[in-house]
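Peer 1: Let me give you the structure first, and then I'll get to my questions.
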Amino acid sequence: MCDNERDFARLLSYKPSNMEKPMYIKSLKLQNFRNYADESFAFDPAVNLICGENGQGKTNLLEAAAACSTMRLFRTAQKKEGLRFGENHAFIFADFLAQERDISLELRFSRTKAMEIYKNGVRQKRQSDAQGLLKTVLFCPEDLMLVRAGAAARRRFLDTALCQMRPNYARYLEEYNRLHEHKTRILRDSEEKPSLLSMWEDFSLRMAHIGAQIIRYRAYYCRKLLKAAAAVYADIAPHEVLSGVYKTVSSVTDPFADARTIEKQLIDHVFSHKTAEIAAKSCLSGPHKDDLELLLDGRSAASFGSQGQVRTCTLSLKLAERELFFDEDGEYPVLLLDDVLSELDRRRQDFVLNRISAGQVMITCCEDGISEKLRAGAVFHIQNGEKSTETH
């Protein structure tokens, strides 16, 4: 059985671990990252509360923690924007425990070159070599609109989890995005340089080959995610049913089919749209347009769900994502809650807090009363990118 098929077999069914193993960030050191000049944090394996007024650096700290699992900054596509104003280099140093191993990770940011990654002192060749060593689930206020946001936001939600869970997927996605970028450039420049279109077929064929793998991964993951999310939703709203549909290229009749079948269907579809692609100067066909449609009692949650229902949908997806990570290898991912509890009513706050008793949690807040509900093992007070106080 090849590595890919093992991946799909694990996404299809799992055997939970008999005992929970801890995964947690022991410490983070930030140098010239966002508004931090030079600061260190030693975290509790359980609940960590990060307090401070808005704009002081609470979210920056969570962004650094998330970057150690996803290898990207969740608020920008440009890693150089993580540099402190006026600086040319920035560093994130992390020590964490995962799969009963002590791991050190260093991310080096530069204004002039790509980010460098060092695991236990050894430079990694690709981002995907370090993605998922540490696993995190991030939940911020913007995510509460995930259901009503555009398809790109839901693709990013799926991709963030899958890249941590499946290194093979991360490599496929990295290559597909690179191919998509090059092909788009060819289409945009083809009017001035028609000879560029001679490369259209090669790029289309390769994108279909890689795209077939991406579709299969997403289909298997969505099936597990939706099942888990429906169970969580039923705990909050037992009289409503959450379901969903993974939507990909219309010519793909079965996203669970073997890769060759899907690849052929993708090729047929893109070749039938060649004239339209050239006219539109953009890639019209492929998994870069996928979506996850969410349904409540069989109707579109985005179109017909109330604000409360939409928020409950997102809560269910995020908590289900966390459960799937645990199902995978018996470790809860580090849960990063960025001021999200203040956006929820008391009932949903209590529901979240009751579901996160295990694993490491980092919660930011503005000390508006939510802290009274938390039994934090460590409390950090942040002011102007500095740790003013720390209590354990």
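Convention: chains lettered A, B, ... in structure tokens order; per-chain residue numbering from 1; ligands numbered from 1 as shown.
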Any chance you could list, as an MDAnalysis selection string, the residues in stretch 122-284 of chain A that come up strand (DSSP E or B) when DSSP is run on the backbone?

Peer 2: chainID A and resid 122:123 136:139 242:247

Peer 1: Within 8 Å of stretch 163-166 of chain A, counting only C-alpha atoms, which residues qualify if same-chain residues fewer than 3 places away don't, as a ChimeraX atom specification?

Peer 2: /A:7,69-70,128,131-135,159-160,169-170,325

Peer 1: Save out the residues we just selected, C-alpha atoms, as a PDB file, in the first residue's frame.

Peer 2:
ATOM      1  CA  ASP A   7      -3.473   8.348   4.249  1.00  0.00           C
ATOM      2  CA  SER A  69       2.319  24.388  13.172  1.00  0.00           C
ATOM      3  CA  THR A  70       1.126  25.852   9.869  1.00  0.00           C
ATOM      4  CA  SER A 128       5.795  20.701   4.542  1.00  0.00           C
ATOM      5  CA  GLN A 131       4.013  21.364   9.125  1.00  0.00           C
ATOM      6  CA  GLY A 132       2.058  19.315  11.612  1.00  0.00           C
ATOM      7  CA  LEU A 133       4.918  18.492  13.986  1.00  0.00           C
ATOM      8  CA  LEU A 134       2.973  20.728  16.331  1.00  0.00           C
ATOM      9  CA  LYS A 135      -0.776  20.767  15.716  1.00  0.00           C
ATOM     10  CA  ASP A 159      -6.385  23.100   3.984  1.00  0.00           C
ATOM     11  CA  THR A 160      -5.053  24.339   7.340  1.00  0.00           C
ATOM     12  CA  TYR A 169      -1.362  16.769   1.183  1.00  0.00           C
ATOM     13  CA  ALA A 170       0.737  19.789   2.115  1.00  0.00           C
ATOM     14  CA  PHE A 325      -6.799  15.586  15.499  1.00  0.00           C
TER      15      PHE A 325
END

Peer 1: Find, counting only C-alpha atoms, the residue in A:Gly82, A:Gly330, A:Gly359, A:Gly305 that gets nearest to A:Leu61.

Peer 2: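 Checking each of A:Gly82, A:Gly330, A:Gly359, A:Gly305 against A:Leu61, counting only C-alpha atoms, the winner is A:Gly82.
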
Peer 1: Compare A:Val252, A:Cys366, A:Ala98, A:Ile186 by their minimum atom-to-atom distance to A:Ile382, counting only C-alpha atoms, and give me the closest one.

Peer 2: A:Cys366

Peer 1: For A:Asp345, which residue among A:Pro238, A:Ala257, A:Ala229, A:Thr312 is the nearest when counting only C-alpha atoms?

Peer 2: A:Thr312

Peer 1: A:Arg311: which residues within 8 Å, counting only C-alpha atoms, same-chain residues fewer than 4 positions away excluded, as a PyMOL selection string?

Peer 2: chain A and resi 144-145+307+315

Peer 1: Taking the DSSP secondary structure from the backbone, can you list the residues of stretch 193-312 of chain A that are helix (DSSP H, G or I), as a ChimeraX atom specification?

Peer 2: /A:194-236,259-272,274-280,287-289,301-304,307-312

Peer 1: Can you pull out the residues contacting A:Ala212? Cut-off 9 Å, using only C-alpha atoms, and skip same-chain residues under 3 positions away; I want them as a PyMOL selection string.

Peer 2: chain A and resi 207-209+215-217+255+258-264+266+287

Peer 1: Could those residues be written to a file, using all heavy atoms, as a compact mmCIF listing (two decimals), in the first residue's frame?

Peer 2:
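Full text of selection16.txt as output:
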# COMPACT_ATOMS: atom_id res chain seq x y z
N MET A 207 -1.77 20.04 -13.41
CA MET A 207 -2.73 20.48 -12.40
C MET A 207 -3.83 19.44 -12.20
O MET A 207 -4.30 19.23 -11.08
CB MET A 207 -3.33 21.83 -12.79
CG MET A 207 -2.37 23.00 -12.60
SD MET A 207 -3.03 24.59 -13.19
CE MET A 207 -4.32 24.89 -11.97
N ALA A 208 -4.23 18.78 -13.27
CA ALA A 208 -5.24 17.72 -13.15
C ALA A 208 -4.69 16.54 -12.35
O ALA A 208 -5.40 15.94 -11.53
CB ALA A 208 -5.69 17.27 -14.53
N HIS A 209 -3.43 16.21 -12.60
CA HIS A 209 -2.80 15.09 -11.89
C HIS A 209 -2.72 15.38 -10.38
O HIS A 209 -3.10 14.53 -9.56
CB HIS A 209 -1.39 14.85 -12.45
CG HIS A 209 -0.66 13.74 -11.78
ND1 HIS A 209 -0.98 12.41 -11.97
CD2 HIS A 209 0.37 13.76 -10.88
CE1 HIS A 209 -0.18 11.66 -11.24
NE2 HIS A 209 0.65 12.45 -10.57
N ILE A 215 -8.44 16.55 -4.32
CA ILE A 215 -9.88 16.30 -4.22
C ILE A 215 -10.14 15.08 -3.35
O ILE A 215 -11.05 15.08 -2.50
CB ILE A 215 -10.49 16.13 -5.62
CG1 ILE A 215 -10.54 17.51 -6.32
CG2 ILE A 215 -11.87 15.50 -5.56
CD1 ILE A 215 -10.90 17.43 -7.78
N ARG A 216 -9.38 14.02 -3.53
CA ARG A 216 -9.60 12.81 -2.72
C ARG A 216 -9.36 13.09 -1.24
O ARG A 216 -10.14 12.68 -0.38
CB ARG A 216 -8.67 11.69 -3.19
CG ARG A 216 -8.98 11.15 -4.57
CD ARG A 216 -8.17 9.90 -4.85
NE ARG A 216 -8.74 8.73 -4.20
CZ ARG A 216 -8.04 7.67 -3.79
NH1 ARG A 216 -6.72 7.65 -3.91
NH2 ARG A 216 -8.64 6.64 -3.24
N TYR A 217 -8.26 13.77 -0.94
CA TYR A 217 -7.98 14.10 0.46
C TYR A 217 -9.13 14.92 1.06
O TYR A 217 -9.58 14.65 2.18
CB TYR A 217 -6.68 14.90 0.57
CG TYR A 217 -5.42 14.07 0.66
CD1 TYR A 217 -4.55 13.95 -0.42
CD2 TYR A 217 -5.08 13.42 1.84
CE1 TYR A 217 -3.38 13.21 -0.34
CE2 TYR A 217 -3.91 12.67 1.94
CZ TYR A 217 -3.07 12.56 0.85
OH TYR A 217 -1.91 11.83 0.94
N PRO A 255 -15.87 11.93 -5.81
CA PRO A 255 -14.58 12.40 -5.29
C PRO A 255 -13.82 11.34 -4.50
O PRO A 255 -12.66 11.56 -4.14
CB PRO A 255 -14.97 13.59 -4.40
CG PRO A 255 -16.38 13.31 -4.01
CD PRO A 255 -17.01 12.61 -5.18
N ASP A 258 -10.79 6.40 -7.55
CA ASP A 258 -9.34 6.36 -7.62
C ASP A 258 -8.83 7.60 -8.35
O ASP A 258 -9.54 8.24 -9.13
CB ASP A 258 -8.88 5.08 -8.32
CG ASP A 258 -9.36 5.01 -9.76
OD1 ASP A 258 -8.66 5.51 -10.65
OD2 ASP A 258 -10.47 4.47 -9.98
N ALA A 259 -7.57 7.92 -8.09
CA ALA A 259 -6.99 9.17 -8.59
C ALA A 259 -6.99 9.24 -10.11
O ALA A 259 -7.19 10.32 -10.68
CB ALA A 259 -5.56 9.33 -8.05
N ARG A 260 -6.76 8.12 -10.78
CA ARG A 260 -6.73 8.13 -12.25
C ARG A 260 -8.08 8.52 -12.83
O ARG A 260 -8.16 9.26 -13.82
CB ARG A 260 -6.30 6.76 -12.78
CG ARG A 260 -4.82 6.48 -12.61
CD ARG A 260 -4.43 5.19 -13.31
NE ARG A 260 -3.01 4.91 -13.21
CZ ARG A 260 -2.40 3.86 -13.76
NH1 ARG A 260 -3.12 3.00 -14.47
NH2 ARG A 260 -1.11 3.68 -13.62
N THR A 261 -9.15 7.99 -12.24
CA THR A 261 -10.49 8.33 -12.73
C THR A 261 -10.77 9.82 -12.56
O THR A 261 -11.27 10.48 -13.48
CB THR A 261 -11.55 7.51 -11.97
OG1 THR A 261 -11.32 6.12 -12.20
CG2 THR A 261 -12.95 7.87 -12.43
N ILE A 262 -10.45 10.35 -11.39
CA ILE A 262 -10.68 11.77 -11.14
C ILE A 262 -9.82 12.62 -12.06
O ILE A 262 -10.28 13.63 -12.62
CB ILE A 262 -10.41 12.11 -9.66
CG1 ILE A 262 -11.38 11.35 -8.76
CG2 ILE A 262 -10.51 13.61 -9.42
CD1 ILE A 262 -11.09 11.50 -7.28
N GLU A 263 -8.57 12.22 -12.23
CA GLU A 263 -7.66 12.97 -13.10
C GLU A 263 -8.22 13.07 -14.52
O GLU A 263 -8.19 14.14 -15.13
CB GLU A 263 -6.29 12.29 -13.13
CG GLU A 263 -5.26 13.02 -14.00
CD GLU A 263 -3.91 12.33 -14.00
OE1 GLU A 263 -3.71 11.39 -13.20
OE2 GLU A 263 -3.04 12.73 -14.81
N LYS A 264 -8.73 11.96 -15.06
CA LYS A 264 -9.29 11.96 -16.42
C LYS A 264 -10.48 12.91 -16.50
O LYS A 264 -10.63 13.67 -17.48
CB LYS A 264 -9.71 10.57 -16.84
CG LYS A 264 -10.23 10.49 -18.27
CD LYS A 264 -10.65 9.08 -18.65
CE LYS A 264 -11.10 9.02 -20.11
NZ LYS A 264 -12.16 10.00 -20.44
N LEU A 266 -11.02 15.53 -14.64
CA LEU A 266 -10.52 16.91 -14.56
C LEU A 266 -9.93 17.35 -15.90
O LEU A 266 -10.12 18.50 -16.33
CB LEU A 266 -9.45 17.02 -13.47
CG LEU A 266 -9.93 16.87 -12.02
CD1 LEU A 266 -8.74 16.91 -11.07
CD2 LEU A 266 -10.91 17.97 -11.66
N PRO A 287 -9.66 22.26 -8.41
CA PRO A 287 -10.02 22.28 -6.99
C PRO A 287 -9.74 23.61 -6.28
O PRO A 287 -10.11 23.76 -5.12
CB PRO A 287 -9.16 21.15 -6.40
CG PRO A 287 -8.04 20.96 -7.36
CD PRO A 287 -8.61 21.27 -8.71

Peer 1: Separation of atom CA of A:Ile103 and atom CA of A:Ser357, in Å?

Peer 2: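 For atom CA of A:Ile103 relative to atom CA of A:Ser357, the distance reads 24.3 Å.
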
Peer 1: Within 10 Å of A:His180, counting only C-alpha atoms, which residues show up once you throw out same-chain ones fewer than 4 positions away? Write them as number ranges by chain, please.

Peer 2: A: 175-176, 184-186, 203-204, 207, 282-283, 286, 288

Peer 1: Take the residues from that selection and write them out as a PDB file, in the first residue's frame, keeping N, CA, C and O atoms.

Peer 2:
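Output contents, as saved in again17.pdb:
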ATOM      1  N   GLU A 175       2.492  22.388  -4.495  1.00  0.00           N
ATOM      2  CA  GLU A 175       2.772  22.308  -5.924  1.00  0.00           C
ATOM      3  C   GLU A 175       1.601  22.822  -6.747  1.00  0.00           C
ATOM      4  O   GLU A 175       1.794  23.540  -7.734  1.00  0.00           O
ATOM      5  N   TYR A 176       0.381  22.461  -6.344  1.00  0.00           N
ATOM      6  CA  TYR A 176      -0.796  22.907  -7.100  1.00  0.00           C
ATOM      7  C   TYR A 176      -0.880  24.440  -7.107  1.00  0.00           C
ATOM      8  O   TYR A 176      -1.144  25.051  -8.147  1.00  0.00           O
ATOM      9  N   THR A 184      -1.921  30.964 -14.403  1.00  0.00           N
ATOM     10  CA  THR A 184      -2.660  32.232 -14.424  1.00  0.00           C
ATOM     11  C   THR A 184      -1.831  33.325 -15.082  1.00  0.00           C
ATOM     12  O   THR A 184      -2.347  34.135 -15.878  1.00  0.00           O
ATOM     13  N   ARG A 185      -0.532  33.335 -14.796  1.00  0.00           N
ATOM     14  CA  ARG A 185       0.346  34.335 -15.402  1.00  0.00           C
ATOM     15  C   ARG A 185       0.425  34.139 -16.917  1.00  0.00           C
ATOM     16  O   ARG A 185       0.432  35.111 -17.691  1.00  0.00           O
ATOM     17  N   ILE A 186       0.477  32.873 -17.341  1.00  0.00           N
ATOM     18  CA  ILE A 186       0.502  32.576 -18.779  1.00  0.00           C
ATOM     19  C   ILE A 186      -0.762  33.108 -19.451  1.00  0.00           C
ATOM     20  O   ILE A 186      -0.702  33.749 -20.505  1.00  0.00           O
ATOM     21  N   PHE A 203       0.705  22.589 -18.310  1.00  0.00           N
ATOM     22  CA  PHE A 203       0.276  23.024 -16.980  1.00  0.00           C
ATOM     23  C   PHE A 203      -1.083  22.430 -16.620  1.00  0.00           C
ATOM     24  O   PHE A 203      -1.314  22.015 -15.476  1.00  0.00           O
ATOM     25  N   SER A 204      -1.986  22.374 -17.576  1.00  0.00           N
ATOM     26  CA  SER A 204      -3.324  21.836 -17.315  1.00  0.00           C
ATOM     27  C   SER A 204      -3.270  20.356 -16.941  1.00  0.00           C
ATOM     28  O   SER A 204      -3.968  19.904 -16.025  1.00  0.00           O
ATOM     29  N   MET A 207      -1.769  20.037 -13.408  1.00  0.00           N
ATOM     30  CA  MET A 207      -2.731  20.476 -12.399  1.00  0.00           C
ATOM     31  C   MET A 207      -3.833  19.440 -12.203  1.00  0.00           C
ATOM     32  O   MET A 207      -4.304  19.233 -11.081  1.00  0.00           O
ATOM     33  N   SER A 282      -7.976  33.499 -16.899  1.00  0.00           N
ATOM     34  CA  SER A 282      -7.879  32.927 -15.555  1.00  0.00           C
ATOM     35  C   SER A 282      -8.228  31.450 -15.604  1.00  0.00           C
ATOM     36  O   SER A 282      -8.869  30.982 -16.552  1.00  0.00           O
ATOM     37  N   CYS A 283      -7.799  30.714 -14.578  1.00  0.00           N
ATOM     38  CA  CYS A 283      -8.053  29.269 -14.498  1.00  0.00           C
ATOM     39  C   CYS A 283      -9.485  29.048 -14.010  1.00  0.00           C
ATOM     40  O   CYS A 283      -9.791  29.337 -12.850  1.00  0.00           O
ATOM     41  N   GLY A 286     -10.872  23.544 -11.647  1.00  0.00           N
ATOM     42  CA  GLY A 286      -9.924  22.893 -10.752  1.00  0.00           C
ATOM     43  C   GLY A 286     -10.338  22.999  -9.304  1.00  0.00           C
ATOM     44  O   GLY A 286     -11.267  23.747  -8.952  1.00  0.00           O
ATOM     45  N   HIS A 288      -9.110  24.566  -6.976  1.00  0.00           N
ATOM     46  CA  HIS A 288      -8.944  25.887  -6.378  1.00  0.00           C
ATOM     47  C   HIS A 288     -10.273  26.625  -6.277  1.00  0.00           C
ATOM     48  O   HIS A 288     -10.337  27.723  -5.723  1.00  0.00           O
TER      49      HIS A 288
END

Peer 1: Where does stretch 47-158 of chain A meet stretch 39-43 of chain A within 10 Å, residue by residue, with the nearest atom pair and distance in Å to one decimal for each, counting only C-alpha atoms, listed by chain and rising number, as a Markdown table?

Peer 2:
| residue | atom | partner | partner_atom | distance |
| --- | --- | --- | --- | --- |
| A:Val47 | CA | A:Phe43 | CA | 8.6 |
| A:Asn48 | CA | A:Phe43 | CA | 6.7 |
| A:Leu49 | CA | A:Phe43 | CA | 9.7 |
| A:Leu61 | CA | A:Phe41 | CA | 9.4 |
| A:Ile92 | CA | A:Ser40 | CA | 9.9 |
| A:Phe93 | CA | A:Ser40 | CA | 9.1 |
| A:Ala94 | CA | A:Phe41 | CA | 9.7 |
| A:Asp95 | CA | A:Ala42 | CA | 9.6 |
| A:Phe96 | CA | A:Phe43 | CA | 9.9 |

Peer 1: For atom CA of A:Phe304 and atom CA of A:Asp350, determine how far apart the two atoms are, in Å to one decimal place.

Peer 2: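 Between atom CA of A:Phe304 and atom CA of A:Asp350 the gap works out to 25.6 Å.
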
Peer 1: Quick one: distance from atom CA of A:Glu81 to atom CA of A:Val122 in Å, one decimal?

Peer 2: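 Value for the atom CA of A:Glu81-atom CA of A:Val122 distance: 24.9 Å.
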
Peer 1: Pick out the residues sitting within 9 Å of A:Asn60, and hand them over as a PyMOL selection string; count only C-alpha atoms, and ignore anything fewer than 5 positions along from it in its own chain.

Peer 2: chain A and resi 33-36+65+82+385

Peer 1: Residues as selected, all heavy atoms, written as a PDB file, in the first residue's frame, can you do that?

Peer 2:
ATOM      1  N   PHE A  33       9.378  40.150  16.301  1.00  0.00           N
ATOM      2  CA  PHE A  33       8.178  39.624  15.653  1.00  0.00           C
ATOM      3  C   PHE A  33       6.991  40.501  16.016  1.00  0.00           C
ATOM      4  O   PHE A  33       6.688  40.699  17.200  1.00  0.00           O
ATOM      5  CB  PHE A  33       7.920  38.186  16.073  1.00  0.00           C
ATOM      6  CG  PHE A  33       6.677  37.596  15.449  1.00  0.00           C
ATOM      7  CD1 PHE A  33       6.692  37.185  14.123  1.00  0.00           C
ATOM      8  CD2 PHE A  33       5.504  37.477  16.174  1.00  0.00           C
ATOM      9  CE1 PHE A  33       5.544  36.666  13.536  1.00  0.00           C
ATOM     10  CE2 PHE A  33       4.357  36.956  15.600  1.00  0.00           C
ATOM     11  CZ  PHE A  33       4.382  36.545  14.273  1.00  0.00           C
ATOM     12  N   ARG A  34       6.324  41.039  14.972  1.00  0.00           N
ATOM     13  CA  ARG A  34       5.211  41.973  15.179  1.00  0.00           C
ATOM     14  C   ARG A  34       5.667  43.088  16.119  1.00  0.00           C
ATOM     15  O   ARG A  34       6.643  43.763  15.830  1.00  0.00           O
ATOM     16  CB  ARG A  34       3.974  41.228  15.696  1.00  0.00           C
ATOM     17  CG  ARG A  34       3.358  40.233  14.719  1.00  0.00           C
ATOM     18  CD  ARG A  34       2.745  40.932  13.518  1.00  0.00           C
ATOM     19  NE  ARG A  34       1.941  40.016  12.719  1.00  0.00           N
ATOM     20  CZ  ARG A  34       1.333  40.350  11.577  1.00  0.00           C
ATOM     21  NH1 ARG A  34       1.465  41.569  11.095  1.00  0.00           N
ATOM     22  NH2 ARG A  34       0.623  39.479  10.890  1.00  0.00           N
ATOM     23  N   ASN A  35       4.965  43.268  17.262  1.00  0.00           N
ATOM     24  CA  ASN A  35       5.378  44.361  18.144  1.00  0.00           C
ATOM     25  C   ASN A  35       6.235  43.885  19.319  1.00  0.00           C
ATOM     26  O   ASN A  35       6.451  44.628  20.272  1.00  0.00           O
ATOM     27  CB  ASN A  35       4.150  45.122  18.673  1.00  0.00           C
ATOM     28  CG  ASN A  35       3.292  44.278  19.608  1.00  0.00           C
ATOM     29  OD1 ASN A  35       3.290  43.049  19.497  1.00  0.00           O
ATOM     30  ND2 ASN A  35       2.567  44.926  20.509  1.00  0.00           N
ATOM     31  N   TYR A  36       6.760  42.652  19.230  1.00  0.00           N
ATOM     32  CA  TYR A  36       7.644  42.126  20.276  1.00  0.00           C
ATOM     33  C   TYR A  36       9.104  42.336  19.882  1.00  0.00           C
ATOM     34  O   TYR A  36       9.547  41.853  18.839  1.00  0.00           O
ATOM     35  CB  TYR A  36       7.392  40.635  20.491  1.00  0.00           C
ATOM     36  CG  TYR A  36       6.078  40.330  21.168  1.00  0.00           C
ATOM     37  CD1 TYR A  36       4.935  40.061  20.420  1.00  0.00           C
ATOM     38  CD2 TYR A  36       5.976  40.316  22.556  1.00  0.00           C
ATOM     39  CE1 TYR A  36       3.729  39.783  21.033  1.00  0.00           C
ATOM     40  CE2 TYR A  36       4.771  40.037  23.179  1.00  0.00           C
ATOM     41  CZ  TYR A  36       3.649  39.776  22.423  1.00  0.00           C
ATOM     42  OH  TYR A  36       2.456  39.496  23.031  1.00  0.00           O
ATOM     43  N   ALA A  65       2.389  31.242  17.841  1.00  0.00           N
ATOM     44  CA  ALA A  65       2.155  29.841  18.194  1.00  0.00           C
ATOM     45  C   ALA A  65       1.590  29.073  17.010  1.00  0.00           C
ATOM     46  O   ALA A  65       2.018  27.954  16.703  1.00  0.00           O
ATOM     47  CB  ALA A  65       1.209  29.759  19.393  1.00  0.00           C
ATOM     48  N   GLY A  82       5.362  40.082   9.279  1.00  0.00           N
ATOM     49  CA  GLY A  82       5.541  39.702  10.671  1.00  0.00           C
ATOM     50  C   GLY A  82       6.721  40.386  11.326  1.00  0.00           C
ATOM     51  O   GLY A  82       6.901  40.299  12.550  1.00  0.00           O
ATOM     52  N   GLY A 385       3.542  44.980  23.584  1.00  0.00           N
ATOM     53  CA  GLY A 385       4.468  43.967  23.131  1.00  0.00           C
ATOM     54  C   GLY A 385       5.436  43.484  24.188  1.00  0.00           C
ATOM     55  O   GLY A 385       6.470  42.890  23.863  1.00  0.00           O
TER      56      GLY A 385
END

Peer 1: Find the residues near A:Leu317: any atom within 10 Å, counting only C-alpha atoms, skip ones fewer than 5 places away on the same chain, and give them as a list in words.

Peer 2: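 Here the answer would be Leu146, Val147, Phe157, Leu225, Leu226, Lys227, Ala228, Ala229, Ala230, Val232, Tyr233, Arg311, Thr312, Arg322 and Glu323 of chain A.
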